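For reference, structure.tsv is printed below; it contains TSV, C-alpha atoms and all ligand atoms.
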chain	number	residue	atom	x	y	z
T	1	MET	CA	76.06	54.45	-88.48
T	2	MET	CA	75.62	56.76	-91.43
T	3	LYS	CA	73.84	60.04	-90.90
T	4	ASN	CA	71.79	60.50	-94.00
T	5	ILE	CA	69.49	63.44	-93.50
T	6	ALA	CA	68.85	64.89	-96.90
T	7	LEU	CA	65.52	66.43	-95.86
T	8	TRP	CA	64.85	68.31	-92.66
T	9	LEU	CA	62.24	70.42	-90.91
T	10	VAL	CA	63.17	74.02	-91.36
T	11	VAL	CA	63.38	76.00	-88.14
T	12	LEU	CA	60.22	78.00	-88.47
T	13	VAL	CA	61.28	80.67	-86.05
T	14	ALA	CA	63.98	81.71	-88.46
T	15	LEU	CA	61.66	81.81	-91.43
T	16	TYR	CA	58.64	83.46	-89.84
T	17	GLY	CA	59.88	85.17	-86.73
T	18	CYS	CA	57.46	83.24	-84.55
T	19	THR	CA	57.03	79.76	-83.14
T	20	SER	CA	54.14	77.38	-83.71
T	21	LYS	CA	51.05	78.45	-81.81
T	22	ASP	CA	47.43	77.39	-82.11
T	23	SER	CA	44.62	79.76	-83.12
T	24	GLY	CA	44.35	80.98	-79.54
T	25	GLY	CA	48.01	81.93	-79.53
T	26	ASN	CA	49.02	79.05	-77.30
T	27	ASP	CA	52.11	77.03	-78.06
T	28	TYR	CA	51.07	73.41	-77.71
T	29	SER	CA	53.69	71.86	-79.91
T	30	ILE	CA	55.19	68.65	-78.56
T	31	ARG	CA	58.49	67.32	-79.86
T	32	LEU	CA	60.07	63.90	-79.53
T	33	GLU	CA	63.49	62.93	-80.83
T	34	GLY	CA	65.34	59.63	-80.74
T	35	ARG	CA	67.16	56.96	-82.67
T	36	THR	CA	65.78	54.13	-84.78
T	37	MET	CA	66.68	52.12	-87.90
T	38	GLY	CA	70.34	53.12	-87.58
T	39	THR	CA	69.45	56.79	-87.83
T	40	THR	CA	67.55	59.55	-86.00
T	41	PHE	CA	63.84	60.33	-85.84
T	42	GLU	CA	61.82	63.39	-84.93
T	43	VAL	CA	58.11	63.76	-84.21
T	44	VAL	CA	56.39	67.13	-83.78
T	45	TYR	CA	52.66	67.71	-83.28
T	46	ILE	CA	50.29	70.26	-81.84
T	47	ASP	CA	48.01	69.02	-79.09
T	48	SER	CA	46.05	71.35	-76.82
T	49	GLN	CA	45.78	68.44	-74.37
T	50	GLU	CA	49.59	68.27	-74.42
T	51	ARG	CA	49.52	64.47	-74.51
T	52	VAL	CA	52.80	62.61	-74.65
T	53	PHE	CA	52.96	59.43	-76.72
T	54	ASP	CA	56.65	58.58	-76.26
T	55	ASN	CA	56.09	55.00	-75.11
T	56	ALA	CA	53.55	54.19	-77.80
T	57	ILE	CA	55.82	55.68	-80.48
T	58	ASP	CA	58.80	53.69	-79.21
T	59	SER	CA	56.76	50.46	-79.25
T	60	LEU	CA	55.58	51.10	-82.80
T	61	LEU	CA	59.17	51.63	-83.93
T	62	VAL	CA	60.24	48.42	-82.19
T	63	GLU	CA	57.38	46.61	-83.95
T	64	VAL	CA	58.40	47.87	-87.39
T	65	ASN	CA	62.06	47.06	-86.72
T	66	ASN	CA	61.20	43.57	-85.51
T	67	SER	CA	59.40	43.11	-88.80
T	68	MET	CA	61.81	44.59	-91.35
T	69	SER	CA	65.27	45.16	-89.88
T	70	THR	CA	67.93	43.02	-91.53
T	71	TYR	CA	70.19	43.92	-88.59
T	72	ILE	CA	67.95	42.08	-86.10
T	73	PRO	CA	68.69	38.33	-86.43
T	74	ASN	CA	65.18	37.21	-85.38
T	75	SER	CA	63.17	39.86	-87.21
T	76	THR	CA	60.52	38.59	-89.60
T	77	ILE	CA	62.68	39.52	-92.60
T	78	SER	CA	65.85	37.87	-91.22
T	79	THR	CA	63.97	34.68	-90.35
T	80	PHE	CA	62.29	34.57	-93.73
T	81	ASN	CA	65.59	35.21	-95.52
T	82	ALA	CA	67.37	32.50	-93.54
T	83	SER	CA	64.58	29.99	-94.07
T	84	ASN	CA	65.37	27.00	-96.28
T	85	ASP	CA	61.70	26.38	-96.79
T	86	THR	CA	59.81	27.24	-99.96
T	87	ALA	CA	56.39	26.67	-98.37
T	88	PHE	CA	54.20	29.59	-97.23
T	89	PHE	CA	55.84	31.35	-94.27
T	90	PRO	CA	53.91	33.41	-91.68
T	91	VAL	CA	54.78	37.12	-91.77
T	92	ASP	CA	53.39	40.04	-89.76
T	93	GLU	CA	50.96	42.62	-91.09
T	94	HIS	CA	53.58	45.40	-91.48
T	95	PHE	CA	55.65	43.04	-93.59
T	96	TYR	CA	52.69	42.11	-95.77
T	97	ILE	CA	51.62	45.73	-96.36
T	98	VAL	CA	55.16	46.67	-97.40
T	99	TYR	CA	55.44	43.57	-99.60
T	100	LEU	CA	52.23	44.47	-101.46
T	101	ARG	CA	53.23	48.10	-102.03
T	102	SER	CA	56.70	46.94	-103.10
T	103	LYS	CA	55.17	44.63	-105.67
T	104	ALA	CA	53.12	47.46	-107.16
T	105	LEU	CA	56.14	49.79	-107.27
T	106	TYR	CA	58.40	47.05	-108.66
T	107	ASN	CA	55.99	46.65	-111.58
T	108	LEU	CA	55.51	50.37	-112.05
T	109	THR	CA	59.27	51.05	-112.15
T	110	HIS	CA	60.00	48.03	-114.39
T	111	GLY	CA	62.11	46.53	-111.61
T	112	ALA	CA	64.24	49.60	-110.80
T	113	PHE	CA	62.84	49.34	-107.27
T	114	ASN	CA	63.45	45.71	-106.38
T	115	PRO	CA	63.56	44.49	-102.75
T	116	ALA	CA	64.84	41.11	-103.98
T	117	VAL	CA	68.31	42.64	-104.45
T	118	MET	CA	69.30	41.48	-100.95
T	119	PRO	CA	71.90	38.88	-102.06
T	120	LEU	CA	73.66	41.66	-104.01
T	121	VAL	CA	73.29	44.23	-101.21
T	122	ARG	CA	75.05	41.76	-98.91
T	123	TYR	CA	77.74	40.98	-101.47
T	124	TRP	CA	78.54	44.66	-101.95
T	125	GLY	CA	78.77	45.14	-98.18
T	126	PHE	CA	75.69	47.31	-97.67
T	127	GLY	CA	73.93	44.70	-95.54
T	128	PRO	CA	75.02	43.36	-92.17
T	129	GLU	CA	78.34	42.03	-93.56
T	130	GLU	CA	81.53	43.58	-94.94
T	131	GLY	CA	81.97	43.94	-98.68
T	132	PRO	CA	84.49	41.99	-100.83
T	133	GLU	CA	88.11	43.00	-101.16
T	134	LYS	CA	87.92	42.52	-104.89
T	135	VAL	CA	84.78	42.51	-107.04
T	136	GLU	CA	84.25	39.24	-108.89
T	137	GLU	CA	82.04	39.48	-111.95
T	138	ARG	CA	81.30	35.75	-111.79
T	139	VAL	CA	79.89	36.13	-108.28
T	140	VAL	CA	77.83	39.21	-109.20
T	141	ASP	CA	76.34	37.33	-112.15
T	142	SER	CA	75.47	34.29	-110.08
T	143	LEU	CA	73.79	36.46	-107.42
T	144	LEU	CA	71.93	38.43	-110.08
T	145	ALA	CA	70.13	35.21	-110.98
T	146	LEU	CA	68.73	35.17	-107.41
T	147	THR	CA	67.11	38.59	-107.43
T	148	ASP	CA	63.79	38.01	-109.17
T	149	PHE	CA	61.10	39.70	-107.09
T	150	ARG	CA	58.40	37.85	-109.03
T	151	ALA	CA	59.66	34.63	-107.44
T	152	PHE	CA	57.93	35.68	-104.20
T	153	GLU	CA	54.24	35.08	-103.65
T	154	GLY	CA	52.08	36.51	-100.89
T	155	THR	CA	48.59	35.66	-99.69
T	156	LYS	CA	46.35	36.18	-96.68
T	157	VAL	CA	44.01	33.68	-95.10
T	158	MET	CA	41.43	33.76	-92.34
T	159	VAL	CA	42.11	31.35	-89.46
T	160	ASP	CA	39.65	31.33	-86.53
T	161	GLY	CA	38.38	34.77	-87.50
T	162	GLU	CA	41.90	36.17	-87.61
T	163	THR	CA	43.83	37.30	-90.68
T	164	ARG	CA	47.14	35.54	-91.27
T	165	TYR	CA	49.68	36.85	-93.74
T	166	LEU	CA	51.86	34.43	-95.68
T	167	LEU	CA	54.76	34.72	-98.05
T	168	LYS	CA	56.83	32.19	-99.96
T	169	LYS	CA	59.85	32.13	-102.23
T	170	SER	CA	60.40	29.76	-105.11
T	171	ASP	CA	64.06	29.20	-104.19
T	172	PRO	CA	65.39	29.09	-100.59
T	173	ARG	CA	68.35	31.29	-101.57
T	174	LEU	CA	66.11	34.25	-102.44
T	175	GLN	CA	66.17	37.11	-99.90
T	176	LEU	CA	64.32	40.36	-99.35
T	177	ASP	CA	65.55	43.80	-98.34
T	178	PHE	CA	63.00	46.49	-97.51
T	179	SER	CA	65.63	49.08	-96.50
T	180	ALA	CA	64.65	51.41	-99.33
T	181	ILE	CA	61.02	51.56	-98.20
T	182	ALA	CA	60.93	50.64	-94.48
T	183	LYS	CA	61.89	54.08	-93.15
T	184	GLY	CA	59.10	55.64	-95.18
T	185	TYR	CA	56.70	52.98	-93.95
T	186	GLY	CA	57.74	53.60	-90.33
T	187	VAL	CA	57.04	57.31	-90.85
T	188	ASP	CA	53.54	56.46	-92.12
T	189	VAL	CA	52.88	54.19	-89.14
T	190	LEU	CA	53.76	56.96	-86.65
T	191	HIS	CA	51.83	59.58	-88.61
T	192	ASP	CA	48.70	57.41	-88.82
T	193	PHE	CA	48.94	56.57	-85.12
T	194	LEU	CA	48.97	60.26	-84.17
T	195	GLN	CA	46.17	61.00	-86.61
T	196	ALA	CA	44.09	58.24	-85.04
T	197	LYS	CA	44.59	60.03	-81.70
T	198	GLY	CA	42.67	62.93	-83.21
T	199	LEU	CA	45.68	65.11	-83.97
T	200	GLN	CA	45.58	67.26	-87.09
T	201	ASN	CA	48.96	68.97	-87.14
T	202	ILE	CA	51.68	66.38	-87.40
T	203	PHE	CA	55.31	66.17	-88.57
T	204	VAL	CA	57.15	62.83	-88.57
T	205	GLU	CA	60.68	62.21	-89.81
T	206	ILE	CA	62.95	59.13	-89.81
T	207	GLY	CA	66.40	59.53	-91.33
T	208	GLY	CA	65.25	62.35	-93.56
T	209	GLU	CA	62.04	60.70	-94.82
T	210	ILE	CA	59.08	62.87	-93.83
T	211	ARG	CA	55.28	62.88	-93.58
T	212	VAL	CA	53.17	65.81	-92.50
T	213	SER	CA	49.57	66.85	-92.15
T	214	GLY	CA	48.00	70.13	-91.12
T	215	GLN	CA	50.32	72.96	-90.20
T	216	ALA	CA	53.14	73.88	-87.85
T	217	GLY	CA	50.93	76.67	-86.45
T	218	PRO	CA	48.31	79.15	-87.65
T	219	GLU	CA	49.25	80.23	-91.18
T	220	LEU	CA	52.51	78.39	-90.64
T	221	PRO	CA	52.97	75.55	-93.11
T	222	TRP	CA	55.42	72.72	-92.63
T	223	VAL	CA	58.55	73.68	-94.54
T	224	VAL	CA	61.16	71.11	-95.46
T	225	GLY	CA	64.71	71.83	-96.63
T	226	ILE	CA	66.12	69.71	-99.47
T	227	GLU	CA	69.83	69.18	-99.18
T	228	ASP	CA	72.11	70.40	-101.93
T	229	PRO	CA	73.89	67.16	-102.96
T	230	VAL	CA	76.96	69.01	-104.22
T	231	ASN	CA	77.70	71.84	-101.80
T	232	SER	CA	76.29	70.51	-98.55
T	233	THR	CA	78.33	68.69	-95.94
T	234	ILE	CA	77.26	66.98	-92.72
T	235	ASP	CA	78.76	69.83	-90.70
T	236	ASN	CA	77.55	72.61	-92.93
T	237	ARG	CA	74.16	71.80	-94.41
T	238	LYS	CA	73.12	73.75	-97.45
T	239	ALA	CA	69.62	73.68	-98.91
T	240	LEU	CA	69.01	73.36	-102.60
T	241	ALA	CA	65.39	74.39	-102.10
T	242	TYR	CA	62.67	74.78	-99.49
T	243	VAL	CA	59.42	72.94	-99.99
T	244	THR	CA	56.06	73.76	-98.42
T	245	LEU	CA	54.15	70.57	-97.72
T	246	PRO	CA	50.41	70.82	-97.14
T	247	LYS	CA	50.15	67.09	-96.46
T	248	GLY	CA	51.74	63.86	-97.57
T	249	GLY	CA	55.16	62.26	-97.66
T	250	ILE	CA	58.50	63.44	-98.98
T	251	ALA	CA	61.69	61.41	-99.31
T	252	THR	CA	65.10	61.91	-100.87
T	253	SER	CA	67.70	59.51	-102.18
T	254	GLY	CA	71.20	60.61	-103.05
T	255	ASN	CA	74.35	58.93	-104.23
T	256	TYR	CA	76.54	61.25	-102.20
T	257	ARG	CA	76.65	59.92	-98.65
T	258	ASN	CA	76.43	56.15	-98.31
T	259	VAL	CA	79.44	55.24	-100.43
T	260	ARG	CA	81.98	52.41	-100.07
T	261	GLU	CA	85.36	52.03	-101.68
T	262	ILE	CA	86.42	48.62	-102.99
T	263	ASP	CA	89.80	48.20	-104.63
T	264	GLY	CA	90.05	51.95	-105.22
T	265	VAL	CA	86.60	52.28	-106.84
T	266	LYS	CA	83.66	54.04	-105.17
T	267	TYR	CA	80.30	52.29	-105.01
T	268	THR	CA	76.97	53.68	-103.78
T	269	HIS	CA	74.49	51.63	-101.76
T	270	THR	CA	71.92	51.60	-104.54
T	271	ILE	CA	72.06	48.51	-106.76
T	272	ASP	CA	70.98	48.49	-110.37
T	273	PRO	CA	68.92	45.27	-110.44
T	274	SER	CA	69.44	44.95	-114.21
T	275	THR	CA	73.25	44.65	-113.91
T	276	GLY	CA	73.90	43.60	-110.32
T	277	TYR	CA	76.36	46.47	-109.92
T	278	SER	CA	76.09	49.51	-107.76
T	279	VAL	CA	74.37	52.31	-109.68
T	280	ARG	CA	76.57	54.51	-111.87
T	281	SER	CA	74.57	57.34	-113.32
T	282	ASN	CA	74.63	61.09	-113.49
T	283	THR	CA	71.58	61.38	-111.24
T	284	LEU	CA	72.81	62.95	-107.99
T	285	SER	CA	69.62	63.00	-105.98
T	286	ALA	CA	65.89	62.40	-106.24
T	287	SER	CA	63.32	64.06	-103.97
T	288	ILE	CA	59.81	62.67	-104.22
T	289	VAL	CA	56.49	63.92	-102.86
T	290	ALA	CA	53.68	61.36	-102.61
T	291	GLU	CA	50.48	60.81	-100.66
T	292	ASP	CA	52.34	58.61	-98.22
T	293	CYS	CA	55.99	58.37	-97.24
T	294	MET	CA	56.40	54.68	-98.10
T	295	THR	CA	55.71	55.44	-101.77
T	296	ALA	CA	57.96	58.52	-101.74
T	297	ASP	CA	60.81	56.51	-100.18
T	298	ALA	CA	60.66	53.65	-102.70
T	299	MET	CA	60.20	55.95	-105.69
T	300	ALA	CA	63.24	58.01	-104.64
T	301	THR	CA	65.39	54.90	-104.77
T	302	ALA	CA	63.87	53.85	-108.12
T	303	CYS	CA	64.71	57.27	-109.58
T	304	MET	CA	68.37	56.81	-108.64
T	305	VAL	CA	68.44	53.53	-110.58
T	306	ALA	CA	66.46	54.48	-113.69
T	307	SER	CA	67.66	56.74	-116.49
T	308	LEU	CA	66.46	60.32	-116.20
T	309	ASP	CA	63.81	59.86	-118.90
T	310	SER	CA	62.51	56.63	-117.40
T	311	ALA	CA	62.46	58.17	-113.93
T	312	VAL	CA	60.30	61.05	-115.16
T	313	SER	CA	57.88	58.63	-116.80
T	314	TYR	CA	57.70	56.47	-113.64
T	315	LEU	CA	56.84	59.56	-111.58
T	316	ALA	CA	53.93	60.28	-113.92
T	317	ALA	CA	52.80	56.64	-113.85
T	318	ALA	CA	52.92	56.60	-110.04
T	319	ASN	CA	51.12	59.96	-109.90
T	320	VAL	CA	53.79	61.45	-107.63
T	321	GLU	CA	55.88	64.63	-107.86
T	322	GLY	CA	59.64	64.79	-108.02
T	323	LEU	CA	62.77	66.88	-108.28
T	324	LEU	CA	65.80	65.15	-109.80
T	325	MET	CA	69.30	66.59	-109.72
T	326	TYR	CA	71.89	65.40	-112.21
T	327	SER	CA	75.16	66.41	-113.79
T	328	ASP	CA	74.81	67.00	-117.53
T	329	ALA	CA	77.23	66.14	-120.37
T	330	GLU	CA	79.45	69.13	-119.47
T	331	GLY	CA	79.44	68.18	-115.81
T	332	THR	CA	77.19	71.09	-114.89
T	333	ILE	CA	74.56	70.44	-112.23
T	334	ASP	CA	71.03	70.59	-113.56
T	335	THR	CA	67.58	69.80	-112.21
T	336	VAL	CA	64.40	68.45	-113.70
T	337	GLN	CA	61.13	68.61	-111.77
T	338	THR	CA	57.48	67.80	-112.28
T	339	LYS	CA	54.96	70.66	-112.45
T	340	GLY	CA	53.43	69.65	-109.15
T	341	PHE	CA	56.80	69.75	-107.42
T	342	ALA	CA	57.58	73.21	-108.79
T	343	HIS	CA	54.38	74.46	-107.15
T	344	LEU	CA	55.63	73.38	-103.74
T	345	ILE	CA	58.96	75.23	-103.93
T	346	ARG	CA	59.18	78.38	-101.83
T	347	GLU	CA	60.70	81.35	-103.56
T	401	LIG	P1	68.41	56.37	-99.84
T	401	LIG	O1	68.30	57.18	-98.57
T	401	LIG	O2	69.63	56.65	-100.66
T	401	LIG	O3	67.13	56.26	-100.62
T	401	LIG	P2	67.51	54.02	-98.71
T	401	LIG	O4	68.01	53.73	-97.34
T	401	LIG	O5	66.12	54.50	-98.91
T	401	LIG	O6	68.58	54.95	-99.32
T	401	LIG	O7	67.65	52.72	-99.64
T	401	LIG	C1	68.90	52.17	-99.97
T	401	LIG	C2	68.95	50.74	-99.51
T	401	LIG	O8	67.99	49.99	-100.27
T	401	LIG	C3	70.28	50.06	-99.80
T	401	LIG	O9	71.17	50.21	-98.71
T	401	LIG	C4	69.87	48.63	-100.02
T	401	LIG	O10	69.70	47.98	-98.77
T	401	LIG	C5	68.51	48.74	-100.68
T	401	LIG	N1	68.57	48.78	-102.15
T	401	LIG	C6	69.64	48.99	-102.95
T	401	LIG	N2	69.29	49.00	-104.25
T	401	LIG	C7	67.95	48.79	-104.29
T	401	LIG	C8	67.00	48.69	-105.35
T	401	LIG	N3	67.36	48.83	-106.63
T	401	LIG	N4	65.70	48.48	-105.01
T	401	LIG	C9	65.33	48.34	-103.72
T	401	LIG	N5	66.18	48.43	-102.68
T	401	LIG	C10	67.48	48.65	-102.95
T	402	MG	MG	64.47	55.03	-100.27
Transcribe the structure of this file into structure tokens.
Amino acid sequence: MMKNIALWLVVLVALYGCTSKDSGGNDYSIRLEGRTMGTTFEVVYIDSQERVFDNAIDSLLVEVNNSMSTYIPNSTISTFNASNDTAFFPVDEHFYIVYLRSKALYNLTHGAFNPAVMPLVRYWGFGPEEGPEKVEERVVDSLLALTDFRAFEGTKVMVDGETRYLLKKSDPRLQLDFSAIAKGYGVDVLHDFLQAKGLQNIFVEIGGEIRVSGQAGPELPWVVGIEDPVNSTIDNRKALAYVTLPKGGIATSGNYRNVREIDGVKYTHTIDPSTGYSVRSNTLSASIVAEDCMTADAMATACMVASLDSAVSYLAAANVEGLLMYSDAEGTIDTVQTKGFAHLIRE
């Protein structure tokens, strides 16, 4: 599986010369690492009771995967995608929450973020199957006609005092892919779980998508490194910038790691839903800070699809902050960032 960590928790010892301690000078930070969603995850929190939530965290990750993993044949998403029915289909709550947020972000980004691209994702070989040996324009065009996100309709109903979530598609061939938002959502689920346990100082990361609250220690903010898309390699990570996050989510998308070659041409895993082809633009990476990680994750993908100008206007419309890296007309690497993002950068 691809290792795609474009954002990471900066080792605070190196930056500050001390580790995370509470106000009494005690080091109560608990760390959990593991694998999920085809990548790695890391959870760090400060708890004077030194509670361990490993099992609960694992179960939550299993729950989210069983809802939205297209690699699990009987997940909610796989069953819904395979269904030949166009009647309302029961989905789980995670699925419904992500569907609703996706719909809002689809509208806000004028379709740049579009989870209905699944038939194209599969065709290009970024789903569970291999890609084609040769790209056929005729096939791309025919699949493009099956990627209208507005052809899905969700609703919730009360049955015996219980909420049921339902979703339907207007054509059985339509399919969803929440890969561009599910990691961020999983991060939010773990963060909110720990917060509900009364914790105030939390760091959660899945595959480079991050959510924090509180601090790493007294006067020790959470600091996240943003990968340099040009000079960094998996074995020798280089940071483009360091960001101090008081609270909220941060996610990065880049066109530099998950790339596939078909017939001698390189394609990235982000699809432009207006053409059906893998995105070809001069945007190299997009790092987004939002109130929650699900929004940051989806908006990062949208910014890779949209033109630079559109991306900047979508960030404003979504009320989120961003740093976009692109190569200009001369091939020089340049960045554009929102005011709010600039404030978070550490000198
Ligand atoms: P990145 O880390 O580059 O943001 P993500 O894993 O968040 O990547 O999202 C990329 C995945 O999202 C692709 O592999 C594909 O499954 C799906 N995808 C591709 N294009 C789009 C799009 N325009 N809108 C929504 N999802 C997309
Ligand atoms: Mg994403």
Neighbourhood of ligand MG 402 (chain T) at 8 Å, counting only C-alpha atoms and all ligand atoms, reported as a short mmCIF file (atom, residue, chain, number, x, y, z; two decimals) with C-alpha atoms, in the frame of the given file:
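Wrote it out as selection.cif, contents follow:
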data_model
loop_
_atom_site.label_atom_id
_atom_site.label_comp_id
_atom_site.auth_asym_id
_atom_site.auth_seq_id
_atom_site.Cartn_x
_atom_site.Cartn_y
_atom_site.Cartn_z
CA SER T 179 65.63 49.08 -96.50
CA ALA T 180 64.65 51.41 -99.33
CA ILE T 181 61.02 51.56 -98.20
CA LYS T 183 61.89 54.08 -93.15
CA GLY T 184 59.10 55.64 -95.18
CA ALA T 251 61.69 61.41 -99.31
CA THR T 252 65.10 61.91 -100.87
CA SER T 253 67.70 59.51 -102.18
CA ALA T 296 57.96 58.52 -101.74
CA ASP T 297 60.81 56.51 -100.18
CA ALA T 298 60.66 53.65 -102.70
CA MET T 299 60.20 55.95 -105.69
CA ALA T 300 63.24 58.01 -104.64
CA THR T 301 65.39 54.90 -104.77
CA ALA T 302 63.87 53.85 -108.12
#
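Take the candidates T:Lys169, T:Arg122, T:Arg31, T:Lys247 and check each one against ligand LIG 401 (chain T) using all atoms listed in the file; the shortest distance goes to T:Arg122.
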Chain T residues near ligand LIG 401 (chain T) within 9 Å, closest pair each, using all atoms listed in the file, as a Markdown table:
| residue | atom | partner | partner_atom | distance |
| --- | --- | --- | --- | --- |
| T:Asn4 | CA | T:LIG401 | O1 | 6.6 |
| T:Ile5 | CA | T:LIG401 | O1 | 8.1 |
| T:Ala6 | CA | T:LIG401 | O1 | 7.9 |
| T:Thr70 | CA | T:LIG401 | O10 | 9.0 |
| T:Ser102 | CA | T:LIG401 | C9 | 8.8 |
| T:Tyr106 | CA | T:LIG401 | N4 | 8.3 |
| T:Gly111 | CA | T:LIG401 | N3 | 7.6 |
| T:Ala112 | CA | T:LIG401 | N3 | 5.3 |
| T:Phe113 | CA | T:LIG401 | N4 | 3.7 |
| T:Asn114 | CA | T:LIG401 | N4 | 3.8 |
| T:Pro115 | CA | T:LIG401 | C9 | 4.3 |
| T:Ala116 | CA | T:LIG401 | C9 | 7.3 |
| T:Val117 | CA | T:LIG401 | C7 | 6.2 |
| T:Met118 | CA | T:LIG401 | O10 | 6.9 |
| T:Leu120 | CA | T:LIG401 | C6 | 8.4 |
| T:Val121 | CA | T:LIG401 | C4 | 5.7 |
| T:Arg122 | CA | T:LIG401 | O10 | 8.2 |
| T:Phe126 | CA | T:LIG401 | O9 | 5.5 |
| T:Gly127 | CA | T:LIG401 | O10 | 6.3 |
| T:Leu176 | CA | T:LIG401 | N5 | 8.9 |
| T:Asp177 | CA | T:LIG401 | O10 | 5.9 |
| T:Phe178 | CA | T:LIG401 | N5 | 6.4 |
| T:Ser179 | CA | T:LIG401 | O8 | 4.5 |
| T:Ala180 | CA | T:LIG401 | O7 | 3.3 |
| T:Ile181 | CA | T:LIG401 | O5 | 5.9 |
| T:Ala182 | CA | T:LIG401 | O5 | 7.8 |
| T:Lys183 | CA | T:LIG401 | O5 | 7.2 |
| T:Gly184 | CA | T:LIG401 | O5 | 8.0 |
| T:Gly207 | CA | T:LIG401 | O1 | 7.8 |
| T:Gly208 | CA | T:LIG401 | O1 | 7.8 |
| T:Glu209 | CA | T:LIG401 | O1 | 8.1 |
| T:Ala251 | CA | T:LIG401 | O3 | 7.6 |
| T:Thr252 | CA | T:LIG401 | O3 | 6.0 |
| T:Ser253 | CA | T:LIG401 | O3 | 3.6 |
| T:Gly254 | CA | T:LIG401 | O2 | 4.9 |
| T:Asn255 | CA | T:LIG401 | O2 | 6.3 |
| T:Tyr256 | CA | T:LIG401 | O2 | 8.4 |
| T:Arg257 | CA | T:LIG401 | O2 | 8.0 |
| T:Asn258 | CA | T:LIG401 | O2 | 7.2 |
| T:Thr268 | CA | T:LIG401 | O9 | 8.4 |
| T:His269 | CA | T:LIG401 | O9 | 4.7 |
| T:Thr270 | CA | T:LIG401 | N2 | 3.7 |
| T:Ile271 | CA | T:LIG401 | N2 | 3.8 |
| T:Asp272 | CA | T:LIG401 | N3 | 5.2 |
| T:Pro273 | CA | T:LIG401 | N3 | 5.4 |
| T:Ser274 | CA | T:LIG401 | N3 | 8.8 |
| T:Ser278 | CA | T:LIG401 | N2 | 7.7 |
| T:Val279 | CA | T:LIG401 | N2 | 8.1 |
| T:Ser285 | CA | T:LIG401 | O2 | 8.3 |
| T:Ala286 | CA | T:LIG401 | O3 | 8.4 |
| T:Asp297 | CA | T:LIG401 | O5 | 5.8 |
| T:Ala298 | CA | T:LIG401 | O5 | 6.7 |
| T:Met299 | CA | T:LIG401 | O3 | 8.6 |
| T:Ala300 | CA | T:LIG401 | O3 | 5.9 |
| T:Thr301 | CA | T:LIG401 | O3 | 4.7 |
| T:Ala302 | CA | T:LIG401 | N3 | 6.3 |
| T:Met304 | CA | T:LIG401 | O2 | 8.1 |
| T:Val305 | CA | T:LIG401 | N3 | 6.2 |
Leaving out T:Val62 and any residue of its chain fewer than 3 positions from it, which residues lie within 12 Å of it when counting all atoms listed in the file, given as a list in words? Arg35, Thr36, Met37, Asn55, Ala56, Ile57, Asp58, Ser59, Asn65, Asn66, Ser67, Met68, Ser69, Ile72, Ser75, His94, Gly186, Val189 and Leu190 of chain T
Given 6 Å of margin on each side, can you work out the centre and size in Å (one decimal) of an axis-aligned box holding every listed atom of stretch 187-203 of chain T, as lines of an AutoDock Vina configuration file?
center_x = 49.9
center_y = 61.6
center_z = -86.9
size_x = 26.4
size_y = 26.8
size_z = 22.4
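When atom CA of T:Arg211 is paired with atom CA of T:Tyr242, their separation reads 15.2 Å.
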